[in-house]
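Text of the file work-v4.csv, holding CSV, C-alpha atoms and all ligand atoms:
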chain,number,residue,atom,x,y,z
Q,13,MET,CA,-40.9,-4.4,9.4
Q,14,GLN,CA,-37.4,-5.9,8.6
Q,15,THR,CA,-34.5,-4.8,10.8
Q,16,ASN,CA,-31.2,-3.9,9.2
Q,17,PRO,CA,-29.1,-7.0,8.8
Q,18,ASN,CA,-25.8,-7.9,10.4
Q,19,CYS,CA,-22.7,-8.4,8.3
Q,20,ASP,CA,-19.3,-9.8,9.0
Q,21,ILE,CA,-16.4,-8.9,6.7
Q,22,PHE,CA,-13.2,-11.0,7.1
Q,23,CYS,CA,-10.0,-9.4,6.0
Q,24,ARG,CA,-6.6,-11.1,6.0
Q,25,ILE,CA,-3.8,-8.5,5.3
Q,26,VAL,CA,-1.6,-10.3,2.8
Q,27,ASP,CA,0.8,-7.4,2.3
Q,28,ASN,CA,0.4,-3.6,1.6
Q,29,TYR,CA,-2.8,-1.7,2.3
Q,30,GLY,CA,-5.2,-2.7,-0.4
Q,31,ASP,CA,-7.0,-5.5,1.5
Q,32,ILE,CA,-7.7,-3.5,4.6
Q,33,GLY,CA,-8.2,-0.3,2.5
Q,34,ILE,CA,-11.0,-1.9,0.5
Q,35,CYS,CA,-12.6,-3.8,3.4
Q,36,TRP,CA,-12.7,-0.6,5.6
Q,37,ARG,CA,-14.2,1.4,2.8
Q,38,LEU,CA,-16.9,-1.2,2.1
Q,39,ALA,CA,-17.6,-1.6,5.8
Q,40,LYS,CA,-18.1,2.2,6.2
Q,41,GLN,CA,-20.4,2.4,3.2
Q,42,LEU,CA,-22.6,-0.6,4.2
Q,43,SER,CA,-22.9,0.8,7.7
Q,44,GLN,CA,-23.4,4.5,6.8
Q,45,GLU,CA,-25.5,4.3,3.7
Q,46,TYR,CA,-27.5,1.1,4.3
Q,47,GLY,CA,-27.5,0.8,8.1
Q,48,TRP,CA,-26.0,-2.7,8.0
Q,49,LYS,CA,-24.5,-3.6,11.5
Q,50,THR,CA,-21.1,-4.4,10.3
Q,51,ARG,CA,-18.2,-6.2,12.0
Q,52,LEU,CA,-14.8,-6.2,10.4
Q,53,TRP,CA,-12.5,-9.1,11.3
Q,54,VAL,CA,-8.9,-8.1,10.7
Q,55,ASP,CA,-5.9,-10.3,11.4
Q,56,ASP,CA,-3.3,-7.5,11.7
Q,57,LEU,CA,-4.4,-4.6,13.8
Q,58,HIS,CA,-1.0,-2.9,13.5
Q,59,ILE,CA,-1.2,-2.5,9.7
Q,60,ALA,CA,-4.9,-1.7,9.9
Q,61,LYS,CA,-4.0,1.2,12.2
Q,62,ARG,CA,-2.2,2.9,9.3
Q,63,LEU,CA,-5.5,3.3,7.6
Q,64,ILE,CA,-7.7,3.5,10.7
Q,65,PRO,CA,-5.6,5.5,13.1
Q,66,GLU,CA,-8.4,5.3,15.8
Q,67,ILE,CA,-7.6,1.6,16.3
Q,68,ASP,CA,-6.1,0.6,19.6
Q,69,SER,CA,-4.0,-2.4,18.5
Q,70,ASN,CA,-4.1,-3.9,22.0
Q,71,VAL,CA,-7.9,-4.2,22.0
Q,72,ASP,CA,-9.5,-7.2,20.5
Q,73,ALA,CA,-13.0,-5.7,19.9
Q,74,GLN,CA,-13.7,-2.0,19.5
Q,75,ILE,CA,-16.3,0.2,17.8
Q,76,ILE,CA,-15.1,2.8,15.3
Q,77,ASN,CA,-17.5,4.8,13.2
Q,78,GLU,CA,-20.3,2.4,14.4
Q,79,ILE,CA,-18.3,-0.5,12.9
Q,80,GLU,CA,-17.0,-3.2,15.2
Q,81,ILE,CA,-13.4,-3.9,14.5
Q,82,ALA,CA,-12.6,-7.4,15.8
Q,83,HIS,CA,-9.1,-9.0,16.0
Q,84,TRP,CA,-9.1,-12.2,13.9
Q,85,GLN,CA,-6.8,-14.6,15.8
Q,86,GLU,CA,-5.8,-18.2,15.4
Q,87,ASN,CA,-7.9,-19.4,18.3
Q,88,PHE,CA,-11.2,-18.3,16.7
Q,89,THR,CA,-14.2,-19.1,18.9
Q,90,ASP,CA,-16.9,-16.6,17.9
Q,91,ASN,CA,-20.1,-18.3,16.7
Q,92,HIS,CA,-22.4,-15.4,16.2
Q,93,ILE,CA,-23.2,-15.7,12.5
Q,94,PRO,CA,-24.8,-12.7,10.9
Q,95,GLN,CA,-27.1,-12.7,7.8
Q,96,ILE,CA,-24.3,-11.8,5.5
Q,97,VAL,CA,-20.7,-13.0,5.6
Q,98,ILE,CA,-18.1,-11.4,3.3
Q,99,GLU,CA,-14.9,-13.3,2.8
Q,100,ALA,CA,-12.5,-10.8,1.3
Q,101,PHE,CA,-10.2,-12.1,-1.5
Q,102,GLY,CA,-10.5,-15.8,-0.6
Q,103,CYS,CA,-9.1,-15.2,2.9
Q,104,GLU,CA,-10.5,-18.6,4.2
Q,105,LEU,CA,-13.0,-18.3,7.0
Q,106,PRO,CA,-12.3,-20.1,10.3
Q,107,GLU,CA,-13.4,-23.7,10.2
Q,108,SER,CA,-15.4,-23.5,13.4
Q,109,TYR,CA,-17.3,-20.5,12.1
Q,110,ILE,CA,-18.1,-22.3,8.8
Q,111,LYS,CA,-19.6,-25.2,10.7
Q,112,VAL,CA,-22.0,-22.9,12.5
Q,113,MET,CA,-22.9,-21.3,9.1
Q,114,VAL,CA,-24.4,-24.6,8.1
Q,115,THR,CA,-27.1,-24.2,10.7
Q,116,THR,CA,-27.9,-20.5,10.0
Q,117,GLN,CA,-27.3,-20.4,6.2
Q,118,PRO,CA,-26.1,-16.8,5.8
Q,119,LEU,CA,-25.5,-15.2,2.4
Q,120,TRP,CA,-21.8,-16.1,1.9
Q,121,ILE,CA,-19.9,-13.8,-0.5
Q,122,ASN,CA,-16.4,-14.1,-1.7
Q,123,LEU,CA,-15.3,-10.6,-2.7
Q,124,GLU,CA,-12.8,-10.9,-5.5
Q,125,TYR,CA,-10.1,-8.6,-6.9
Q,126,LEU,CA,-10.9,-6.1,-9.5
Q,127,SER,CA,-10.1,-6.7,-13.1
Q,128,ALA,CA,-11.3,-5.3,-16.4
Q,129,GLU,CA,-10.9,-8.7,-18.2
Q,130,ALA,CA,-14.0,-9.9,-20.2
Q,131,TRP,CA,-14.3,-13.2,-18.3
Q,132,VAL,CA,-15.3,-11.3,-15.1
Q,133,GLU,CA,-18.9,-10.8,-16.4
Q,134,ASP,CA,-19.4,-14.6,-16.7
Q,135,PHE,CA,-18.1,-15.4,-13.3
Q,136,HIS,CA,-19.7,-12.6,-11.3
Q,137,ALA,CA,-22.4,-13.7,-8.8
Q,138,GLN,CA,-21.9,-17.4,-9.6
Q,139,PRO,CA,-22.6,-19.8,-6.8
Q,140,SER,CA,-20.1,-22.5,-5.7
Q,141,GLN,CA,-21.1,-25.4,-3.5
Q,142,HIS,CA,-18.9,-26.2,-0.5
Q,143,PRO,CA,-17.1,-29.5,-1.2
Q,144,THR,CA,-18.3,-31.3,1.9
Q,145,LEU,CA,-20.9,-29.1,3.6
Q,146,PRO,CA,-24.4,-28.0,2.6
Q,147,LEU,CA,-23.3,-24.4,2.0
Q,148,THR,CA,-23.1,-22.1,-1.0
Q,149,LYS,CA,-20.7,-19.3,-1.6
Q,150,TYR,CA,-21.2,-16.6,-4.2
Q,151,PHE,CA,-18.3,-15.1,-6.1
Q,152,PHE,CA,-18.6,-11.4,-6.3
Q,153,PHE,CA,-16.4,-9.8,-8.9
Q,154,PRO,CA,-16.0,-6.0,-8.9
Q,155,GLY,CA,-15.8,-4.6,-12.4
Q,156,PHE,CA,-16.4,-1.8,-14.9
Q,157,THR,CA,-19.6,-3.0,-16.6
Q,158,GLU,CA,-23.2,-3.3,-15.4
Q,159,ASN,CA,-22.9,-7.2,-15.6
Q,160,THR,CA,-20.1,-7.2,-12.9
Q,161,GLY,CA,-20.2,-6.3,-9.2
Q,162,GLY,CA,-19.3,-2.6,-10.0
Q,163,LEU,CA,-16.9,-0.4,-8.1
Q,164,ILE,CA,-16.9,0.8,-4.5
Q,165,ARG,CA,-18.2,4.3,-4.8
Q,166,GLU,CA,-19.8,6.2,-2.0
Q,167,LYS,CA,-23.2,7.9,-2.8
Q,168,ASN,CA,-21.9,11.5,-2.4
Q,169,LEU,CA,-18.5,10.9,-3.9
Q,170,SER,CA,-19.0,12.6,-7.3
Q,171,ASP,CA,-20.6,15.6,-5.7
Q,172,GLN,CA,-17.9,16.0,-3.1
Q,173,ARG,CA,-15.2,15.6,-5.7
Q,174,SER,CA,-16.7,18.2,-8.1
Q,175,THR,CA,-17.4,20.7,-5.3
Q,176,PHE,CA,-13.7,20.4,-4.3
Q,177,GLN,CA,-12.4,20.6,-7.8
Q,178,LEU,CA,-14.5,23.8,-8.5
Q,179,SER,CA,-13.5,25.5,-5.2
Q,180,ASN,CA,-10.1,27.3,-5.1
Q,181,GLU,CA,-10.8,27.9,-1.4
Q,182,MET,CA,-11.2,24.2,-0.6
Q,183,GLN,CA,-8.1,23.4,-2.5
Q,184,ALA,CA,-6.1,26.1,-0.8
Q,185,THR,CA,-7.3,24.9,2.6
Q,186,PHE,CA,-6.2,21.4,1.7
Q,187,TRP,CA,-2.7,22.4,0.6
Q,188,GLN,CA,-2.4,24.6,3.7
Q,189,SER,CA,-3.3,21.6,5.9
Q,190,LEU,CA,-0.3,19.8,4.4
Q,191,ASN,CA,1.9,22.9,4.8
Q,192,ILE,CA,2.3,23.3,1.1
Q,193,ARG,CA,2.3,26.6,-0.8
Q,194,ASP,CA,0.0,26.2,-3.7
Q,195,GLU,CA,2.0,27.3,-6.8
Q,196,PRO,CA,1.2,27.2,-10.5
Q,197,LYS,CA,3.2,24.1,-11.2
Q,198,THR,CA,2.0,20.8,-12.7
Q,199,LYS,CA,1.0,18.7,-9.7
Q,200,VAL,CA,1.7,15.0,-9.7
Q,201,SER,CA,1.0,12.5,-6.9
Q,202,LEU,CA,3.2,9.4,-6.7
Q,203,PHE,CA,2.2,6.1,-5.0
Q,204,CYS,CA,3.8,3.1,-6.5
Q,205,TYR,CA,5.6,-0.2,-5.8
Q,206,PRO,CA,9.4,0.4,-5.2
Q,207,HIS,CA,10.3,-1.8,-8.1
Q,208,ALA,CA,8.8,0.8,-10.5
Q,209,PRO,CA,11.4,2.8,-12.5
Q,210,VAL,CA,11.1,5.6,-10.0
Q,211,THR,CA,14.6,7.1,-10.6
Q,212,LYS,CA,13.8,7.4,-14.3
Q,213,LEU,CA,10.6,9.1,-13.5
Q,214,LEU,CA,12.3,11.6,-11.2
Q,215,ASP,CA,14.9,12.3,-13.9
Q,216,SER,CA,12.0,12.9,-16.4
Q,217,PHE,CA,10.4,15.3,-13.9
Q,218,ALA,CA,13.8,17.1,-13.5
Q,219,THR,CA,14.1,17.7,-17.2
Q,220,SER,CA,10.5,18.6,-17.8
Q,221,PRO,CA,10.0,21.9,-19.7
Q,222,HIS,CA,7.5,22.9,-17.0
Q,223,PRO,CA,8.0,23.0,-13.3
Q,224,ILE,CA,6.6,19.9,-11.5
Q,225,SER,CA,5.4,19.5,-7.9
Q,226,CYS,CA,5.5,15.9,-7.0
Q,227,PHE,CA,3.8,14.7,-3.8
Q,228,VAL,CA,4.8,11.4,-2.3
Q,229,PRO,CA,2.6,10.2,0.5
Q,230,GLY,CA,3.8,7.5,2.9
Q,231,ASN,CA,7.4,6.3,3.4
Q,232,GLY,CA,7.5,3.4,0.9
Q,233,LEU,CA,9.8,5.2,-1.5
Q,234,ALA,CA,12.0,6.8,1.2
Q,235,PRO,CA,15.2,4.7,0.5
Q,236,ILE,CA,14.9,5.6,-3.2
Q,237,MET,CA,14.5,9.3,-2.5
Q,238,GLN,CA,17.4,9.2,-0.1
Q,239,GLN,CA,19.7,7.8,-2.7
Q,240,TYR,CA,18.4,9.9,-5.5
Q,241,PHE,CA,18.9,13.2,-3.6
Q,242,ASP,CA,22.0,11.9,-1.8
Q,243,ILE,CA,20.8,12.8,1.6
Q,244,PRO,CA,21.2,10.9,4.9
Q,245,HIS,CA,17.5,10.6,5.8
Q,246,ILE,CA,14.0,11.4,4.6
Q,247,GLU,CA,11.4,13.2,6.7
Q,248,VAL,CA,7.8,14.1,6.3
Q,249,GLY,CA,7.6,17.8,5.3
Q,250,MET,CA,10.8,17.8,3.3
Q,251,MET,CA,10.9,19.6,-0.1
Q,252,LEU,CA,13.7,18.3,-2.3
Q,253,SER,CA,14.5,19.9,-5.7
Q,254,LYS,CA,16.4,19.0,-8.8
Q,255,GLY,CA,15.9,20.9,-12.1
Q,256,ALA,CA,12.2,21.3,-12.7
Q,257,LEU,CA,11.3,18.9,-10.0
Q,258,HIS,CA,10.1,20.0,-6.5
Q,259,LEU,CA,9.3,16.9,-4.5
Q,260,HIS,CA,7.3,17.0,-1.4
Q,261,ILE,CA,7.4,14.2,1.2
Q,262,LEU,CA,3.9,13.8,2.7
Q,263,PRO,CA,2.8,11.7,5.6
Q,264,PHE,CA,0.6,8.6,5.0
Q,265,LEU,CA,-2.7,10.4,4.5
Q,266,SER,CA,-6.2,9.5,5.7
Q,267,GLN,CA,-8.2,7.9,3.0
Q,268,ASP,CA,-10.3,11.1,2.7
Q,269,ASP,CA,-7.1,13.3,2.4
Q,270,TYR,CA,-5.6,10.8,-0.1
Q,271,ASP,CA,-8.8,11.3,-2.2
Q,272,ARG,CA,-8.3,15.1,-2.0
Q,273,LEU,CA,-4.7,14.7,-3.1
Q,274,LEU,CA,-5.9,12.8,-6.2
Q,275,TRP,CA,-8.6,15.3,-6.9
Q,276,ALA,CA,-6.2,18.2,-6.6
Q,277,CYS,CA,-3.4,16.9,-8.8
Q,278,ASP,CA,-3.1,17.0,-12.6
Q,279,LEU,CA,-1.6,13.6,-12.9
Q,280,ASN,CA,-1.7,10.6,-10.4
Q,281,PHE,CA,0.5,7.6,-10.3
Q,282,VAL,CA,-1.4,4.9,-8.5
Q,283,ARG,CA,-1.1,1.2,-7.8
Q,284,GLY,CA,-2.8,-2.1,-6.8
Q,285,GLU,CA,-6.6,-1.8,-6.5
Q,286,ASP,CA,-8.0,0.8,-4.2
Q,287,SER,CA,-5.8,3.8,-5.1
Q,288,TRP,CA,-6.4,2.8,-8.8
Q,289,ILE,CA,-10.2,3.0,-8.3
Q,290,ARG,CA,-9.9,6.3,-6.4
Q,291,ALA,CA,-7.8,7.7,-9.2
Q,292,ILE,CA,-10.4,6.7,-11.8
Q,293,LEU,CA,-13.1,8.3,-9.7
Q,294,ALA,CA,-11.0,11.4,-9.2
Q,295,ALA,CA,-11.6,12.2,-12.9
Q,296,LYS,CA,-8.0,13.1,-13.5
Q,297,PRO,CA,-5.3,11.5,-15.7
Q,298,PHE,CA,-3.5,8.7,-14.0
Q,299,ILE,CA,-0.9,6.0,-14.6
Q,300,TRP,CA,-1.7,2.7,-12.9
Q,301,GLN,CA,0.9,0.2,-11.8
Q,302,PRO,CA,-0.9,-3.2,-11.2
Q,303,TYR,CA,0.2,-5.5,-8.4
Q,304,GLN,CA,2.9,-7.7,-9.8
Q,305,GLN,CA,1.7,-11.3,-10.4
Q,306,GLU,CA,3.4,-14.5,-11.4
Q,307,GLN,CA,4.1,-15.0,-15.1
Q,308,ASP,CA,3.3,-11.3,-15.6
Q,309,ALA,CA,-0.4,-12.0,-15.3
Q,310,HIS,CA,-0.8,-8.4,-14.2
Q,311,LEU,CA,0.1,-7.3,-17.7
Q,312,ASN,CA,-3.0,-9.0,-19.0
Q,313,LYS,CA,-5.0,-7.0,-16.5
Q,314,LEU,CA,-3.2,-3.8,-17.7
Q,315,GLU,CA,-4.0,-4.5,-21.3
Q,316,ALA,CA,-7.7,-5.3,-20.5
Q,317,PHE,CA,-8.0,-2.1,-18.6
Q,318,LEU,CA,-6.4,0.0,-21.3
Q,319,THR,CA,-8.7,-1.5,-24.0
Q,320,LEU,CA,-11.7,-0.5,-21.9
Q,321,TYR,CA,-10.5,2.8,-20.6
Q,322,ALA,CA,-8.8,4.2,-23.7
Q,323,LYS,CA,-11.1,3.2,-26.5
Q,324,ASP,CA,-12.3,6.7,-27.1
Q,325,LEU,CA,-8.9,8.4,-27.1
Q,326,SER,CA,-7.3,9.6,-30.3
Q,327,PRO,CA,-5.0,6.8,-31.7
Q,328,GLU,CA,-1.9,9.0,-31.0
Q,329,THR,CA,-2.8,9.6,-27.3
Q,330,LEU,CA,-3.8,6.0,-26.9
Q,331,GLU,CA,-0.3,4.9,-28.1
Q,332,ILE,CA,1.4,7.4,-25.8
Q,333,LEU,CA,-0.7,6.3,-22.8
Q,334,ARG,CA,-0.1,2.6,-23.6
Q,335,ALA,CA,3.7,3.1,-24.0
Q,336,ALA,CA,3.8,5.0,-20.6
Q,337,TYR,CA,1.8,2.3,-18.8
Q,338,LEU,CA,3.9,-0.5,-20.2
Q,339,ALA,CA,7.2,1.3,-19.5
Q,340,TRP,CA,6.0,2.0,-15.9
Q,341,SER,CA,4.8,-1.6,-15.1
Q,342,SER,CA,6.7,-4.1,-17.2
Q,343,PRO,CA,9.6,-5.9,-15.6
Q,344,ASN,CA,13.0,-4.4,-16.7
Q,345,SER,CA,11.0,-1.5,-18.1
Q,346,ASP,CA,12.7,1.5,-19.6
Q,347,PHE,CA,10.7,4.5,-18.6
Q,348,THR,CA,12.0,7.5,-20.6
Q,349,GLU,CA,11.7,11.2,-20.6
Q,350,ASN,CA,9.6,10.9,-23.7
Q,351,ASN,CA,7.1,8.7,-21.9
Q,352,LEU,CA,6.5,11.4,-19.3
Q,353,HIS,CA,6.8,14.5,-21.6
Q,354,ASN,CA,4.4,13.0,-24.1
Q,355,ILE,CA,1.9,12.4,-21.3
Q,356,LEU,CA,2.3,15.9,-20.0
Q,357,GLU,CA,1.7,17.4,-23.4
Q,358,ARG,CA,-1.5,15.4,-23.7
Q,359,LEU,CA,-2.8,16.3,-20.2
Q,360,PRO,CA,-5.8,18.4,-21.5
Q,361,GLU,CA,-7.1,15.5,-23.7
Q,362,LEU,CA,-6.4,12.9,-21.0
Q,363,SER,CA,-8.1,15.1,-18.4
Q,364,SER,CA,-11.4,15.5,-20.3
Q,365,HIS,CA,-11.2,11.8,-21.2
Q,366,SER,CA,-10.9,10.8,-17.5
Q,367,ASP,CA,-13.7,13.1,-16.6
Q,368,ALA,CA,-16.0,11.5,-19.2
Q,369,PHE,CA,-14.9,8.0,-18.1
Q,370,SER,CA,-15.7,8.6,-14.5
Q,371,THR,CA,-19.1,10.2,-15.4
Q,372,THR,CA,-20.0,7.1,-17.4
Q,373,LEU,CA,-19.0,4.9,-14.5
Q,374,ALA,CA,-21.1,7.0,-12.1
Q,375,LEU,CA,-24.2,6.1,-14.1
Q,376,GLN,CA,-23.7,2.4,-13.2
Q,377,ASN,CA,-24.7,0.9,-9.8
Q,378,ASP,CA,-21.9,0.8,-7.3
Q,379,LEU,CA,-20.6,-2.3,-5.6
Q,380,ALA,CA,-22.3,-1.8,-2.2
Q,381,SER,CA,-25.7,-1.3,-3.8
Q,382,LYS,CA,-25.2,-4.4,-5.9
Q,383,LEU,CA,-24.3,-6.4,-2.7
Q,384,VAL,CA,-27.4,-5.0,-0.9
Q,385,ASN,CA,-29.6,-6.0,-3.9
Q,386,LEU,CA,-28.1,-9.5,-3.9
Q,387,TYR,CA,-29.0,-9.9,-0.3
Q,388,LYS,CA,-32.5,-8.4,-0.8
Q,389,ASN,CA,-33.3,-10.7,-3.7
Q,390,ARG,CA,-32.4,-13.6,-1.5
Q,391,VAL,CA,-34.6,-12.8,1.5
S,401,LIG,O1,-1.3,-1.1,-0.9
S,401,LIG,P1,-1.6,-1.7,-2.2
S,401,LIG,O2,-0.5,-2.1,-3.0
S,401,LIG,O3,-2.6,-2.9,-2.1
S,401,LIG,C1,-2.5,-4.1,-2.8
S,401,LIG,C2,-3.5,-4.2,-3.8
S,401,LIG,O4,-4.8,-4.1,-3.3
S,401,LIG,C3,-3.4,-5.6,-4.5
S,401,LIG,O5,-4.4,-5.8,-5.4
S,401,LIG,C4,-3.4,-6.7,-3.4
S,401,LIG,O6,-3.3,-7.9,-3.9
S,401,LIG,C5,-2.3,-6.4,-2.4
S,401,LIG,O7,-2.5,-5.1,-1.9
S,401,LIG,C6,-2.3,-7.4,-1.3
S,401,LIG,O8,-2.4,-0.6,-3.1
S,401,LIG,P2,-4.0,-0.1,-3.0
S,401,LIG,O9,-4.9,-1.2,-3.4
S,401,LIG,O10,-4.0,1.1,-3.8
S,401,LIG,O11,-4.2,0.2,-1.5
S,401,LIG,C7,-3.7,1.3,-0.9
S,401,LIG,C8,-4.6,1.9,0.2
S,401,LIG,O12,-4.0,2.8,1.0
S,401,LIG,C9,-5.9,2.5,-0.4
S,401,LIG,O13,-7.0,2.3,0.4
S,401,LIG,C10,-5.5,4.0,-0.3
S,401,LIG,C11,-4.8,4.0,1.0
S,401,LIG,N1,-3.9,5.2,1.2
S,401,LIG,C12,-4.1,6.1,2.2
S,401,LIG,O14,-5.2,5.9,2.9
S,401,LIG,N2,-3.3,7.1,2.4
S,401,LIG,C13,-2.2,7.3,1.6
S,401,LIG,O15,-1.4,8.2,1.9
S,401,LIG,C14,-1.9,6.3,0.6
S,401,LIG,C15,-0.7,6.5,-0.3
S,401,LIG,C16,-2.8,5.3,0.4
Could you take the file, read its structure, and then write that structure out as structure tokens?
Amino acid sequence: MQTNPNCDIFCRIVDNYGDIGICWRLAKQLSQEYGWKTRLWVDDLHIAKRLIPEIDSNVDAQIINEIEIAHWQENFTDNHIPQIVIEAFGCELPESYIKVMVTTQPLWINLEYLSAEAWVEDFHAQPSQHPTLPLTKYFFFPGFTENTGGLIREKNLSDQRSTFQLSNEMQATFWQSLNIRDEPKTKVSLFCYPHAPVTKLLDSFATSPHPISCFVPGNGLAPIMQQYFDIPHIEVGMMLSKGALHLHILPFLSQDDYDRLLWACDLNFVRGEDSWIRAILAAKPFIWQPYQQEQDAHLNKLEAFLTLYAKDLSPETLEILRAAYLAWSSPNSDFTENNLHNILERLPELSSHSDAFSTTLALQNDLASKLVNLYKNRV
């Protein structure tokens, strides 16, 4: 009988939370659903602790949720090579480790960033020979079609999400846990890069014909909020009002609570990669701000996603959505009241569209199961 394989995931935290957010989510799924003995190498335990609060940042090796979290430091000496090695986002494995890999020949995966661009299908799962050593690395591209690596999606996610969305009691408990009184306002969550036209969005909320509750988790936008409301400091738990806008400052939530926030809101502003995927899987309307890239390459990603996501929308709604996405994410963008108010008017159509899109995606195999199959086909 075959025993469950060991797997190392290497994560270098470039900036923000997406790298560790994705690696931690994948590590949990491989361990919990497939029994893989997973070790997660992270170079910055302090940032990782934001997402994994159980981490003791003074400890170089610790077990959390049956996953070993190991501190990846400059003087890397470990030479226990598992059956599967996942290098997240081309983070470059330690040289000493690669040399030992030559002897043991693990399945070496380079996990790439998500994109809806068509070329992804051609590059997914393609091998690449190491330039000097007898080693092969496979490029694993997440994506939205069956010919890509799929999306990270836990087995019970859809069920958990729909149970929560159908239960007034579960939602009430969630809002209570955040000390928020659940009122009949349009609920919007806001997670974005600070260079987004946040002030214009807040103005659009303030002039909305319907009251808006806006929830801002984490402190990334605190300086903007401070200036906008002209107050000396921002604290978790504050509720700030202007016109139709009621803005709630939330703590940085656990990944599970952040999911619940996305499930409970009527519209979600998300960014980067992992919050984007979670918003798609929340089956609610969302506006995505891609991670800014040189020469505006992120706008190609944005267009590719819109083409795929919005193809079944009515032409008017597609135009409204596209205008809002571009206004939110283009450099020097001019996000206007109309952008927001048009979206709010179309929420019912966008909502059933998002629901249908996430249902279609749920029929595809998820990223972890595709990884596991790649491994199984090799042994
Ligand atoms: O933090 P990000 O901007 O990460 C980015 C992207 O991944 C980008 O592609 C990459 O190149 C760059 O990092 C280096 O956004 P992202 O991907 O949405 O990751 C945020 C993570 O934080 C995600 O796992 C959700 C989690 N999160 C919480 O757990 N609690 C919270 O309250 C919030 C707001 C987020």
Exercise answer, 7 Å around ligand LIG 401 (chain S) with all atoms listed in the file, as a PyMOL selection string:
chain Q and resi 25-31+33-34+63+125+203+205+229-230+263-267+270+282-288+303
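Interatomic distance, CA of Ile224 in chain Q against CA of Lys197 in chain Q: 5.4 Å.
CA of Glu349 in chain Q to CA of Leu257 in chain Q spans 13.1 Å [interatomic distance, one decimal].
A straight line drawn from CA of Thr89 in chain Q to CA of Ile75 in chain Q is 19.4 Å long.
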Selection near Phe347 in chain Q, 8 Å with all atoms listed in the file, sequence-local residues under 2 positions removed, as a list in words:
Pro209, Lys212, Leu213, Ala336, Ala339, Trp340, Ser345, Glu349 and Asn351 of chain Q
Can you pull out every residue within 6 Å of range 35-49 of chain Q, counting all atoms listed in the file, but drop anything in the same chain fewer than 3 positions away, and send it as a VMD selection string?
chain Q and resid 16 to 18 32
What would the list of residues within 10 Å of (6.0, 16.7, -4.6) (file frame) look like as a PyMOL selection string, if only C-alpha atoms are what count?
chain Q and resi 192+198-202+224-229+250-253+257-262
If you keep C-alpha atoms, can you produce a file of those selected residues as an mmCIF file, keeping the file's coordinate frame?
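Below is the file part.cif, written as the result:
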data_model
loop_
_atom_site.group_PDB
_atom_site.id
_atom_site.type_symbol
_atom_site.label_atom_id
_atom_site.label_comp_id
_atom_site.auth_asym_id
_atom_site.auth_seq_id
_atom_site.Cartn_x
_atom_site.Cartn_y
_atom_site.Cartn_z
ATOM 1 C CA ILE Q 192 2.300 23.300 1.100
ATOM 2 C CA THR Q 198 2.000 20.800 -12.700
ATOM 3 C CA LYS Q 199 1.000 18.700 -9.700
ATOM 4 C CA VAL Q 200 1.700 15.000 -9.700
ATOM 5 C CA SER Q 201 1.000 12.500 -6.900
ATOM 6 C CA LEU Q 202 3.200 9.400 -6.700
ATOM 7 C CA ILE Q 224 6.600 19.900 -11.500
ATOM 8 C CA SER Q 225 5.400 19.500 -7.900
ATOM 9 C CA CYS Q 226 5.500 15.900 -7.000
ATOM 10 C CA PHE Q 227 3.800 14.700 -3.800
ATOM 11 C CA VAL Q 228 4.800 11.400 -2.300
ATOM 12 C CA PRO Q 229 2.600 10.200 0.500
ATOM 13 C CA MET Q 250 10.800 17.800 3.300
ATOM 14 C CA MET Q 251 10.900 19.600 -0.100
ATOM 15 C CA LEU Q 252 13.700 18.300 -2.300
ATOM 16 C CA SER Q 253 14.500 19.900 -5.700
ATOM 17 C CA LEU Q 257 11.300 18.900 -10.000
ATOM 18 C CA HIS Q 258 10.100 20.000 -6.500
ATOM 19 C CA LEU Q 259 9.300 16.900 -4.500
ATOM 20 C CA HIS Q 260 7.300 17.000 -1.400
ATOM 21 C CA ILE Q 261 7.400 14.200 1.200
ATOM 22 C CA LEU Q 262 3.900 13.800 2.700
#
Which residues are near Phe151 in chain Q? Cut-off 10 Å, all atoms listed in the file, ignore same chain within fewer than 4 positions. Put them as number ranges by chain.
Q: 99, 101-102, 120-124, 135-140, 161
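With all atoms listed in the file as the atoms that count, the minimum distance from His222 in chain Q to the choices Q:Asp171, Q:Glu357, Q:Asp242, Q:Glu80 is reached by Q:Glu357.
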Contact residues around range 52-58 of chain Q with only C-alpha atoms at 8 Å, ignoring same-chain residues under 3 positions, as an mmCIF file with C-alpha atoms, in the coordinates of the input:
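That gives us around-v5.cif:
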data_model
loop_
_atom_site.group_PDB
_atom_site.id
_atom_site.type_symbol
_atom_site.label_atom_id
_atom_site.label_comp_id
_atom_site.auth_asym_id
_atom_site.auth_seq_id
_atom_site.Cartn_x
_atom_site.Cartn_y
_atom_site.Cartn_z
ATOM 1 C CA ASP Q 20 -19.300 -9.800 9.000
ATOM 2 C CA ILE Q 21 -16.400 -8.900 6.700
ATOM 3 C CA PHE Q 22 -13.200 -11.000 7.100
ATOM 4 C CA CYS Q 23 -10.000 -9.400 6.000
ATOM 5 C CA ARG Q 24 -6.600 -11.100 6.000
ATOM 6 C CA ILE Q 25 -3.800 -8.500 5.300
ATOM 7 C CA ILE Q 32 -7.700 -3.500 4.600
ATOM 8 C CA CYS Q 35 -12.600 -3.800 3.400
ATOM 9 C CA TRP Q 36 -12.700 -0.600 5.600
ATOM 10 C CA ALA Q 39 -17.600 -1.600 5.800
ATOM 11 C CA LYS Q 61 -4.000 1.200 12.200
ATOM 12 C CA ARG Q 62 -2.200 2.900 9.300
ATOM 13 C CA ILE Q 67 -7.600 1.600 16.300
ATOM 14 C CA ASP Q 68 -6.100 0.600 19.600
ATOM 15 C CA SER Q 69 -4.000 -2.400 18.500
ATOM 16 C CA ILE Q 79 -18.300 -0.500 12.900
ATOM 17 C CA GLU Q 80 -17.000 -3.200 15.200
ATOM 18 C CA ILE Q 81 -13.400 -3.900 14.500
ATOM 19 C CA ALA Q 82 -12.600 -7.400 15.800
ATOM 20 C CA HIS Q 83 -9.100 -9.000 16.000
ATOM 21 C CA TRP Q 84 -9.100 -12.200 13.900
ATOM 22 C CA GLN Q 85 -6.800 -14.600 15.800
#
